[in-house]
Amino acid sequence: MTTLDDTTRASLLRRGLALEYATLGWNVIGIVVLAIAAVSARSVALAGFGLDSLIEIGASTVVIWELFGTGEDRQRKAMRLIGLAFAVLAVYLLVQSTLVLITAYHPHHSALGIAWAAITAAVMFALAHGKARTGAALDNPVLTTEGHVTLIDGILAAAVLLGLTLNATLGWWWADPLAGYVLVYYAVRECREIFSGDH
């Protein structure tokens with residue numbers, strides 16, 4: 001490698017780490033906010049969103065660990081851990097959303113949840129874009145895949161926002177658990193692709 005290549009790689013690694021630390025910090029705050037909102041509204045979507053934030057923390061930690069090391073074996077382990085996180089999230093949301101629909105449980109309104117979901121959607125989409133570009137430039141499948149986790153976090157935030165808004169404005173209580181199914185689809189797809197070696 002040339003000096004310029006080394007410098008460029010070091011700069012990209014710093015950017016990747018900065019993106020992961022930003023994601024980590026946002027989701028640590030998010031767990032607290034979502035716990036308060038989920039308990040007060042008794043919302044499965046907000047509870048699932050909180051779990052997604054916890055998984056995102058785990059995924060970011062895995063990527064930070066991987067970026068500080070090298071080797072294909074380290075990358076494979078990191079990818080498997082991220083895939084496992086997707087699987088856990090999918091199972092939890094599938095069970096919780098189904099139970100809420102079967103029991104016809106009506107969640108309360110949550111202005112805090114609506115506000116946090118709206119802001120989080122914008123933040124996660126921006127971070128996902130940055131990770132996709134940086135991961136591609138580094139040719140790092142772990143950072144790129146974790147960028148998909150962040151993208152899904154943004155999609156879930158948008159789905160939760162829609163569900164909470166419909167519940168608050170139109171009384172469509174079933175929109176809350178249906179928002180959970182949106183993430184189940186994406187989580188299962190990403191998990192399958194990771195373990196089949198498509199990434």
# chains A, B, ... in the order shown; residues from 1 in each chain; ligands from 1
>>> residues_around(residues="segment 63-70 of chain A", least_positions_apart="4", cutoff="12 Å", atoms="only C-alpha atoms", output="PyMOL selection string")
chain A and resi 9-10+12-24+56-59+74-82+131+134-135+138-147+149
>>> write_last_selection(atoms="C-alpha atoms", output="mmCIF file, in the first residue's frame")
data_model
loop_
_atom_site.group_PDB
_atom_site.id
_atom_site.type_symbol
_atom_site.label_atom_id
_atom_site.label_comp_id
_atom_site.auth_asym_id
_atom_site.auth_seq_id
_atom_site.Cartn_x
_atom_site.Cartn_y
_atom_site.Cartn_z
ATOM 1 C CA ARG A 9 -7.924 3.719 5.007
ATOM 2 C CA ALA A 10 -7.177 5.222 8.417
ATOM 3 C CA LEU A 12 -12.306 5.704 6.582
ATOM 4 C CA LEU A 13 -11.809 3.587 9.707
ATOM 5 C CA ARG A 14 -12.143 6.710 11.867
ATOM 6 C CA ARG A 15 -15.325 7.630 10.026
ATOM 7 C CA GLY A 16 -16.711 4.121 10.474
ATOM 8 C CA LEU A 17 -15.945 4.198 14.190
ATOM 9 C CA ALA A 18 -17.488 7.664 14.534
ATOM 10 C CA LEU A 19 -20.686 6.430 12.864
ATOM 11 C CA GLU A 20 -20.833 3.428 15.196
ATOM 12 C CA TYR A 21 -20.201 5.525 18.311
ATOM 13 C CA ALA A 22 -22.944 7.937 17.220
ATOM 14 C CA THR A 23 -25.340 5.006 16.718
ATOM 15 C CA LEU A 24 -24.342 3.548 20.069
ATOM 16 C CA GLU A 56 -28.521 -2.061 17.584
ATOM 17 C CA ILE A 57 -26.276 -1.365 20.578
ATOM 18 C CA GLY A 58 -25.044 -4.949 20.417
ATOM 19 C CA ALA A 59 -24.511 -4.759 16.659
ATOM 20 C CA ARG A 74 -13.050 -12.105 12.993
ATOM 21 C CA GLN A 75 -15.393 -10.843 10.269
ATOM 22 C CA ARG A 76 -17.273 -14.170 10.120
ATOM 23 C CA LYS A 77 -17.796 -14.138 13.883
ATOM 24 C CA ALA A 78 -19.026 -10.557 13.751
ATOM 25 C CA MET A 79 -21.466 -11.379 10.927
ATOM 26 C CA ARG A 80 -22.872 -14.358 12.839
ATOM 27 C CA LEU A 81 -23.434 -12.209 15.929
ATOM 28 C CA ILE A 82 -25.307 -9.602 13.885
ATOM 29 C CA LYS A 131 -22.222 3.286 6.969
ATOM 30 C CA THR A 134 -17.947 3.865 4.333
ATOM 31 C CA GLY A 135 -18.350 0.083 4.390
ATOM 32 C CA LEU A 138 -13.402 -0.067 3.060
ATOM 33 C CA ASP A 139 -14.717 -3.239 1.426
ATOM 34 C CA ASN A 140 -15.856 -4.229 4.908
ATOM 35 C CA PRO A 141 -18.924 -6.549 4.876
ATOM 36 C CA VAL A 142 -19.429 -6.237 8.641
ATOM 37 C CA LEU A 143 -19.805 -2.451 8.577
ATOM 38 C CA THR A 144 -21.981 -2.682 5.471
ATOM 39 C CA THR A 145 -24.229 -5.321 7.053
ATOM 40 C CA GLU A 146 -24.528 -3.387 10.297
ATOM 41 C CA GLY A 147 -25.557 -0.459 8.122
ATOM 42 C CA VAL A 149 -29.316 -3.042 10.836
#
>>> residues_around(residues="His106 of chain A", least_positions_apart="6", cutoff="10 Å", atoms="only C-alpha atoms", output="JSON, numbers by chain")
{"A": [41, 42, 43, 44, 100, 167, 171, 172, 173, 174, 176, 177]}
>>> closest_residue(among="A:Val62, A:Leu112, A:Val182, A:Leu99", to="Ala168 of chain A", atoms="only C-alpha atoms")
A:Leu112
>>> atom_distance(atom1="atom CA of Gly130 of chain A", atom2="atom CA of Tyr181 of chain A")
26.4 Å
>>> residues_around(residues="segment 30-33 of chain A", least_positions_apart="3", cutoff="12 Å", atoms="only C-alpha atoms", output="PyMOL selection string")
chain A and resi 23-27+36-40+46-57+110-117+119-121+123-124+153+157
>>> closest_residue(among="A:Leu170, A:Ile102, A:Cys191, A:Ala158", to="Gly83 of chain A", atoms="only C-alpha atoms")
A:Cys191
